[in-house]
file structure.cif (mmCIF, C-alpha atoms and all ligand atoms)
data_coords
loop_
_atom_site.label_atom_id
_atom_site.label_comp_id
_atom_site.auth_asym_id
_atom_site.auth_seq_id
_atom_site.Cartn_x
_atom_site.Cartn_y
_atom_site.Cartn_z
CA MET A 1 -13.36 -57.13 -130.27
CA LYS A 2 -15.07 -56.12 -127.02
CA ILE A 3 -14.77 -52.74 -125.40
CA ASP A 4 -16.18 -52.15 -121.92
CA VAL A 5 -18.20 -48.99 -121.30
CA VAL A 6 -18.38 -47.74 -117.71
CA LEU A 7 -21.62 -45.91 -116.94
CA PRO A 8 -21.74 -44.31 -113.47
CA CYS A 9 -25.40 -44.28 -112.51
CA LEU A 10 -27.30 -42.51 -109.78
CA ASP A 11 -31.06 -42.55 -110.34
CA GLU A 12 -31.08 -42.55 -114.14
CA GLU A 13 -34.24 -44.59 -114.85
CA ALA A 14 -35.37 -41.99 -117.39
CA ALA A 15 -32.14 -42.25 -119.40
CA LEU A 16 -31.17 -45.92 -119.18
CA PRO A 17 -33.39 -47.37 -121.95
CA TRP A 18 -32.20 -44.79 -124.52
CA VAL A 19 -28.55 -45.17 -123.46
CA LEU A 20 -28.50 -48.97 -123.46
CA GLU A 21 -30.41 -49.49 -126.67
CA ARG A 22 -27.94 -47.25 -128.51
CA MET A 23 -24.84 -49.20 -127.42
CA PRO A 24 -22.97 -50.15 -130.62
CA ASP A 25 -21.96 -53.75 -131.38
CA GLY A 26 -18.74 -54.70 -129.64
CA PHE A 27 -19.30 -52.29 -126.74
CA ARG A 28 -20.40 -53.87 -123.45
CA PRO A 29 -22.23 -51.59 -120.99
CA ILE A 30 -21.22 -51.81 -117.33
CA VAL A 31 -23.75 -49.84 -115.28
CA VAL A 32 -22.31 -48.94 -111.90
CA ASP A 33 -25.20 -48.38 -109.56
CA ASN A 34 -24.24 -46.03 -106.77
CA GLY A 35 -27.19 -46.19 -104.43
CA SER A 36 -30.06 -45.51 -106.84
CA THR A 37 -33.51 -45.62 -105.31
CA ASP A 38 -35.48 -45.35 -108.55
CA GLY A 39 -35.01 -48.90 -109.81
CA SER A 40 -32.11 -48.04 -112.14
CA ALA A 41 -30.28 -51.28 -111.31
CA GLU A 42 -33.29 -53.48 -112.09
CA ILE A 43 -33.95 -51.64 -115.35
CA ALA A 44 -30.31 -52.02 -116.40
CA VAL A 45 -30.34 -55.77 -115.63
CA ARG A 46 -33.57 -56.19 -117.57
CA LEU A 47 -32.03 -54.40 -120.54
CA GLY A 48 -29.09 -56.80 -120.51
CA ALA A 49 -26.33 -54.65 -119.01
CA LEU A 50 -23.75 -55.92 -116.58
CA VAL A 51 -24.62 -54.17 -113.32
CA VAL A 52 -21.99 -53.52 -110.66
CA THR A 53 -23.06 -52.25 -107.26
CA GLU A 54 -20.77 -49.72 -105.56
CA PRO A 55 -21.95 -48.95 -102.03
CA ARG A 56 -19.39 -46.16 -101.41
CA ARG A 57 -20.97 -42.97 -102.69
CA GLY A 58 -19.16 -40.72 -105.14
CA PHE A 59 -18.80 -40.27 -108.87
CA GLY A 60 -15.15 -41.41 -108.79
CA ALA A 61 -16.02 -44.43 -106.64
CA ALA A 62 -18.53 -45.49 -109.28
CA CYS A 63 -16.14 -44.88 -112.19
CA HIS A 64 -13.35 -46.77 -110.47
CA ALA A 65 -15.58 -49.71 -109.54
CA GLY A 66 -16.52 -49.95 -113.22
CA LEU A 67 -12.89 -49.81 -114.27
CA THR A 68 -11.98 -52.59 -111.83
CA ALA A 69 -14.92 -54.72 -112.96
CA ALA A 70 -14.00 -54.29 -116.64
CA THR A 71 -12.14 -57.11 -118.35
CA ALA A 72 -11.74 -55.86 -121.93
CA ASP A 73 -8.43 -54.44 -123.15
CA PHE A 74 -10.10 -51.07 -123.81
CA VAL A 75 -12.44 -49.13 -121.56
CA CYS A 76 -14.71 -46.18 -122.29
CA PHE A 77 -16.44 -43.96 -119.76
CA MET A 78 -19.58 -41.95 -120.32
CA ASP A 79 -22.34 -40.34 -118.28
CA CYS A 80 -25.54 -42.34 -118.04
CA ASP A 81 -27.97 -39.40 -118.34
CA ALA A 82 -28.53 -39.47 -122.14
CA SER A 83 -26.50 -36.26 -122.59
CA LEU A 84 -24.01 -38.26 -124.68
CA ASP A 85 -24.83 -40.66 -127.50
CA PRO A 86 -23.34 -44.17 -127.22
CA ARG A 87 -23.38 -44.37 -131.03
CA GLN A 88 -20.48 -41.91 -130.98
CA LEU A 89 -18.34 -44.23 -128.82
CA PRO A 90 -16.47 -45.72 -131.83
CA ARG A 91 -15.04 -42.32 -132.71
CA ILE A 92 -13.69 -42.05 -129.14
CA ALA A 93 -12.34 -45.59 -128.89
CA GLY A 94 -11.02 -45.71 -132.47
CA PRO A 95 -7.74 -43.80 -132.02
CA VAL A 96 -6.89 -45.77 -128.85
CA VAL A 97 -7.60 -49.14 -130.48
CA ALA A 98 -5.52 -48.07 -133.50
CA GLY A 99 -2.63 -47.20 -131.18
CA GLU A 100 -2.65 -43.55 -132.27
CA ALA A 101 -3.58 -42.06 -128.88
CA ASP A 102 -3.43 -43.15 -125.23
CA LEU A 103 -6.42 -41.19 -123.93
CA VAL A 104 -9.20 -39.80 -126.08
CA LEU A 105 -11.69 -37.29 -124.69
CA GLY A 106 -14.95 -36.22 -126.27
CA ARG A 107 -15.08 -32.43 -126.67
CA ARG A 108 -18.71 -31.60 -126.08
CA VAL A 109 -20.51 -29.63 -128.78
CA PRO A 110 -23.82 -28.43 -127.37
CA GLY A 111 -26.81 -28.59 -129.68
CA ALA A 112 -30.08 -26.71 -129.37
CA GLY A 113 -31.60 -27.08 -125.92
CA ALA A 114 -28.50 -28.61 -124.32
CA ALA A 115 -28.29 -27.65 -120.68
CA TRP A 116 -24.68 -26.63 -120.20
CA PRO A 117 -24.81 -23.76 -117.72
CA THR A 118 -22.35 -20.91 -118.30
CA HIS A 119 -20.59 -21.41 -114.96
CA ALA A 120 -19.88 -25.07 -115.73
CA ARG A 121 -18.79 -24.30 -119.25
CA LEU A 122 -16.40 -21.53 -118.23
CA GLY A 123 -14.96 -23.42 -115.26
CA ASN A 124 -14.31 -26.37 -117.51
CA ALA A 125 -12.75 -24.20 -120.24
CA VAL A 126 -10.48 -22.50 -117.68
CA LEU A 127 -9.15 -25.84 -116.45
CA ALA A 128 -8.66 -27.14 -119.97
CA GLY A 129 -6.96 -23.88 -121.02
CA ARG A 130 -4.54 -24.10 -118.14
CA LEU A 131 -3.70 -27.70 -119.00
CA ARG A 132 -3.22 -26.73 -122.64
CA ARG A 133 -0.87 -23.86 -121.95
CA ARG A 134 1.22 -25.54 -119.30
CA THR A 135 1.51 -29.02 -120.79
CA GLY A 136 0.93 -28.45 -124.50
CA VAL A 137 -1.87 -31.06 -124.62
CA PRO A 138 -4.52 -30.10 -127.19
CA LEU A 139 -7.44 -30.02 -124.77
CA HIS A 140 -10.51 -27.77 -124.65
CA ASP A 141 -12.93 -29.80 -122.54
CA LEU A 142 -12.56 -32.24 -119.64
CA GLY A 143 -15.32 -34.25 -121.23
CA PRO A 144 -16.85 -37.28 -119.55
CA MET A 145 -16.84 -39.49 -122.69
CA ARG A 146 -13.41 -41.11 -122.81
CA ALA A 147 -11.42 -44.13 -123.91
CA ALA A 148 -8.08 -45.68 -122.93
CA ARG A 149 -6.47 -49.06 -122.35
CA ARG A 150 -7.73 -50.70 -119.17
CA ASP A 151 -4.36 -51.82 -117.76
CA ARG A 152 -2.79 -48.40 -118.32
CA LEU A 153 -5.71 -46.61 -116.65
CA ILE A 154 -5.38 -48.83 -113.59
CA ALA A 155 -1.63 -48.17 -113.52
CA LEU A 156 -2.30 -44.40 -113.36
CA GLY A 157 -3.45 -45.00 -109.76
CA MET A 158 -6.33 -42.53 -109.43
CA THR A 159 -7.17 -41.92 -105.76
CA ASP A 160 -10.04 -39.40 -105.91
CA ARG A 161 -13.43 -41.03 -105.49
CA ARG A 162 -15.60 -37.98 -105.99
CA PHE A 163 -15.96 -35.42 -108.73
CA GLY A 164 -12.19 -34.91 -109.01
CA TYR A 165 -11.74 -38.31 -110.67
CA PRO A 166 -11.99 -37.18 -114.32
CA LEU A 167 -9.56 -34.29 -113.75
CA GLU A 168 -7.14 -36.55 -111.85
CA MET A 169 -7.16 -38.98 -114.77
CA VAL A 170 -6.13 -36.23 -117.19
CA LEU A 171 -3.48 -34.80 -114.84
CA ARG A 172 -1.91 -38.19 -114.25
CA ALA A 173 -2.07 -39.04 -117.96
CA CYS A 174 -0.29 -35.76 -118.82
CA ALA A 175 2.35 -36.36 -116.15
CA ALA A 176 2.93 -39.87 -117.53
CA GLY A 177 3.49 -38.48 -121.02
CA TRP A 178 0.38 -40.01 -122.58
CA ARG A 179 -0.70 -38.90 -126.03
CA LEU A 180 -4.05 -37.16 -125.47
CA ARG A 181 -6.48 -36.51 -128.26
CA GLU A 182 -9.78 -34.68 -128.43
CA VAL A 183 -12.67 -35.70 -130.69
CA GLU A 184 -15.93 -33.78 -131.00
CA VAL A 185 -19.12 -35.34 -129.64
CA ASP A 186 -22.66 -34.01 -129.40
CA TYR A 187 -23.83 -32.72 -126.02
CA LEU A 188 -27.56 -33.31 -125.71
CA PRO A 189 -30.16 -32.28 -123.14
CA ARG A 190 -29.98 -34.85 -120.33
CA ALA A 191 -32.97 -37.04 -119.51
CA GLY A 192 -34.31 -36.84 -115.97
CA ARG A 193 -33.49 -34.37 -113.25
CA SER A 194 -30.21 -32.43 -113.20
CA LYS A 195 -28.04 -33.34 -110.21
CA VAL A 196 -24.60 -31.83 -110.53
CA THR A 197 -23.81 -28.85 -112.74
CA GLY A 198 -27.45 -27.82 -112.96
CA THR A 199 -27.68 -27.44 -109.19
CA VAL A 200 -25.89 -25.09 -106.78
CA SER A 201 -24.91 -27.80 -104.29
CA GLY A 202 -23.70 -30.16 -107.04
CA THR A 203 -21.63 -27.41 -108.65
CA LEU A 204 -20.04 -26.42 -105.32
CA ARG A 205 -19.18 -30.05 -104.54
CA ALA A 206 -17.68 -30.62 -107.98
CA ALA A 207 -15.67 -27.37 -107.86
CA ALA A 208 -14.30 -28.17 -104.38
CA ASP A 209 -13.29 -31.68 -105.45
CA MET A 210 -11.50 -30.36 -108.54
CA ARG A 211 -9.69 -27.67 -106.56
CA ARG A 212 -8.44 -30.35 -104.18
CA VAL A 213 -7.22 -32.59 -107.02
CA MET A 214 -5.55 -29.61 -108.71
CA ALA A 215 -3.72 -28.78 -105.47
CA GLU A 216 -2.70 -32.35 -104.69
CA VAL A 217 -2.00 -33.85 -108.11
CA GLY A 218 -1.50 -30.71 -110.22
CA ALA A 219 1.21 -29.33 -107.94
CA ALA A 220 3.68 -31.83 -109.35
CA SER A 221 3.15 -30.42 -112.84
CA ARG A 222 2.84 -26.72 -111.81
CA LEU A 223 -0.85 -26.73 -112.61
CA SER A 224 -2.31 -25.75 -109.26
CA GLY A 225 -3.11 -22.22 -108.10
CA THR A 226 -6.11 -19.96 -108.15
CA VAL A 227 -8.07 -18.94 -111.21
CA THR A 228 -6.71 -15.65 -112.57
CA PRO A 229 -8.51 -13.05 -114.71
CA GLY A 230 -6.13 -14.15 -117.47
CA ASP A 231 -7.43 -17.73 -117.23
CA LEU A 232 -11.02 -16.52 -117.54
CA ALA A 233 -10.22 -14.21 -120.45
CA GLY A 234 -8.37 -17.02 -122.25
CA ALA A 235 -11.31 -19.40 -121.81
CA ALA A 236 -13.80 -16.77 -122.97
CA ILE A 237 -11.73 -16.02 -126.10
CA VAL A 238 -11.57 -19.73 -127.02
CA GLU A 239 -15.36 -20.02 -126.59
CA LEU A 240 -15.95 -16.92 -128.72
CA ARG A 241 -13.62 -18.10 -131.48
CA ARG A 242 -15.30 -21.47 -131.36
CA GLY A 243 -18.68 -19.79 -131.82
CA ARG A 244 -17.26 -18.22 -135.00
CA GLY A 245 -15.93 -21.58 -136.12
CA GLU A 246 -12.25 -20.65 -135.64
CA ALA A 247 -11.24 -22.84 -132.69
N1 LIG A 301 -21.74 -42.30 -108.28
C1 LIG A 301 -22.29 -41.15 -108.45
N2 LIG A 301 -22.72 -40.91 -109.65
C2 LIG A 301 -23.29 -39.75 -109.83
C3 LIG A 301 -23.44 -38.82 -108.80
N3 LIG A 301 -24.03 -37.78 -109.31
C4 LIG A 301 -24.26 -38.08 -110.60
N4 LIG A 301 -23.82 -39.28 -110.91
C5 LIG A 301 -23.83 -39.97 -112.21
O1 LIG A 301 -22.72 -39.50 -112.93
C6 LIG A 301 -23.07 -39.11 -114.23
C7 LIG A 301 -22.83 -37.62 -114.39
O2 LIG A 301 -23.66 -36.91 -113.49
P1 LIG A 301 -24.63 -35.77 -113.96
O3 LIG A 301 -25.71 -35.66 -112.91
O4 LIG A 301 -25.05 -35.98 -115.37
O5 LIG A 301 -23.66 -34.51 -113.86
P2 LIG A 301 -23.54 -33.25 -114.81
O6 LIG A 301 -23.61 -33.66 -116.25
O7 LIG A 301 -22.34 -32.50 -114.35
O8 LIG A 301 -24.80 -32.36 -114.42
P3 LIG A 301 -26.34 -32.60 -114.70
O9 LIG A 301 -26.48 -33.46 -115.95
O10 LIG A 301 -26.90 -31.25 -114.86
O11 LIG A 301 -26.87 -33.31 -113.48
C8 LIG A 301 -24.53 -39.52 -114.40
O12 LIG A 301 -24.54 -40.75 -115.07
C9 LIG A 301 -25.06 -39.62 -112.98
O13 LIG A 301 -26.04 -40.63 -112.84
C10 LIG A 301 -22.94 -39.13 -107.51
O14 LIG A 301 -23.01 -38.38 -106.55
N5 LIG A 301 -22.38 -40.33 -107.41
MG MG A 302 -25.14 -34.69 -117.08
#
call {"tool": "encode", "arguments": {"input": "structure.cif", "output": "structure tokens"}}
result
Amino acid sequence: MKIDVVLPCLDEEAALPWVLERMPDGFRPIVVDNGSTDGSAEIAVRLGALVVTEPRRGFGAACHAGLTAATADFVCFMDCDASLDPRQLPRIAGPVVAGEADLVLGRRVPGAGAAWPTHARLGNAVLAGRLRRRTGVPLHDLGPMRAARRDRLIALGMTDRRFGYPLEMVLRACAAGWRLREVEVDYLPRAGRSKVTGTVSGTLRAAADMRRVMAEVGAASRLSGTVTPGDLAGAAIVELRRGRGEA
């Protein structure tokens, strides 16, 4: 069986060889080049990946172009910066292929040296905590390694084309009553230069996009609103308990 793997890519020449050579059998990489100037597209072609060019800038635009280009029944997403290991894709795709879950997300477990800045980690945990409490879905991380059926993902009708895309996918999946499942994956130090959560401008852009998606899509499921001290405390407690191996 073939499973398509969408890899949004903006200047990832340092990561591409490692990522592509670790793609497991049965998983076809679709590198979506979103205006790279470092030769990423040429490297990906040379390494045998299907390369899709998306001229409209934006993380969501790249993800969605990959989803539309995919032809397999099942589609995975993952970042193309070597922070996630393609060899762990089967554990993400497995429950969807077996019909046990509709959307599987990789809960990132940072190892030594992983660059996961505190602000990104807390912001992410707050969002996941809010989703968990209000919808009952067992989610702790809006992780970028995911799997679902292709036709059902397209039917969700995501409209964000920036950094709100992954959150919109989860919100729409919850609203549609999908069975969500979380599986642990390793979170490694990325290759190459940090662009989003490791930079101030990238973080501000991502936070603004997610706020907008929360307001527009989350309103329907009472998930919008500002971050409260309670949200932050809840997220911090989960992180602490996790550190002690309890969560
Ligand atoms: N299309 C598109 N892709 C992007 C953009 N920024 C990053 N990407 C890609 O999307 C994936 C995730 O971006 P990252 O830069 O790893 O974001 P992050 O993990 O939040 O933060 P850092 O790893 O610290 O940069 C990577 O494969 C990037 O190449 C963007 O503006 N547009
Ligand atoms: Mg990254």
call {"tool": "closest_residue", "arguments": {"input": "structure.cif", "among": "A:Pro29, A:Gly129, A:Gly58, A:Pro8", "to": "Phe163 in chain A", "atoms": "all atoms listed in the file"}}
result
A:Gly58
call {"tool": "residues_near_ligand", "arguments": {"input": "structure.cif", "ligand": "ligand LIG 301 (chain A)", "cutoff": "9 Å", "atoms": "all atoms listed in the file", "output": "PyMOL selection string"}}
result
chain A and resi 7-12+15+32-36+54+56-63+78-83+115-117+120+144+161-163+189-199+202-203+206
call {"tool": "residues_around", "arguments": {"input": "structure.cif", "residues": "Arg152 in chain A", "least_positions_apart": "4", "cutoff": "10 Å", "atoms": "all atoms listed in the file", "output": "list in words"}}
result
Asp73, Phe74, Asp102, Leu103, Ala148, Leu156, Gly157, Ala173 and Trp178 of chain A
call {"tool": "residues_around", "arguments": {"input": "structure.cif", "residues": "Asp209 in chain A", "least_positions_apart": "3", "cutoff": "9 Å", "atoms": "all atoms listed in the file", "output": "PDB file with C-alpha atoms, keeping the file's coordinate frame"}}
result
ATOM      1  CA  ASP A 160     -10.040 -39.400-105.910  1.00  0.00           C
ATOM      2  CA  ARG A 162     -15.600 -37.980-105.990  1.00  0.00           C
ATOM      3  CA  PHE A 163     -15.960 -35.420-108.730  1.00  0.00           C
ATOM      4  CA  GLY A 164     -12.190 -34.910-109.010  1.00  0.00           C
ATOM      5  CA  TYR A 165     -11.740 -38.310-110.670  1.00  0.00           C
ATOM      6  CA  LEU A 204     -20.040 -26.420-105.320  1.00  0.00           C
ATOM      7  CA  ARG A 205     -19.180 -30.050-104.540  1.00  0.00           C
ATOM      8  CA  ALA A 206     -17.680 -30.620-107.980  1.00  0.00           C
ATOM      9  CA  ARG A 212      -8.440 -30.350-104.180  1.00  0.00           C
ATOM     10  CA  VAL A 213      -7.220 -32.590-107.020  1.00  0.00           C
ATOM     11  CA  MET A 214      -5.550 -29.610-108.710  1.00  0.00           C
TER      12      MET A 214
END
call {"tool": "closest_residue", "arguments": {"input": "structure.cif", "among": "A:Val104, A:Ala114, A:Leu47, A:Val109", "to": "ligand MG 302 (chain A)", "atoms": "all atoms listed in the file"}}
result
A:Ala114
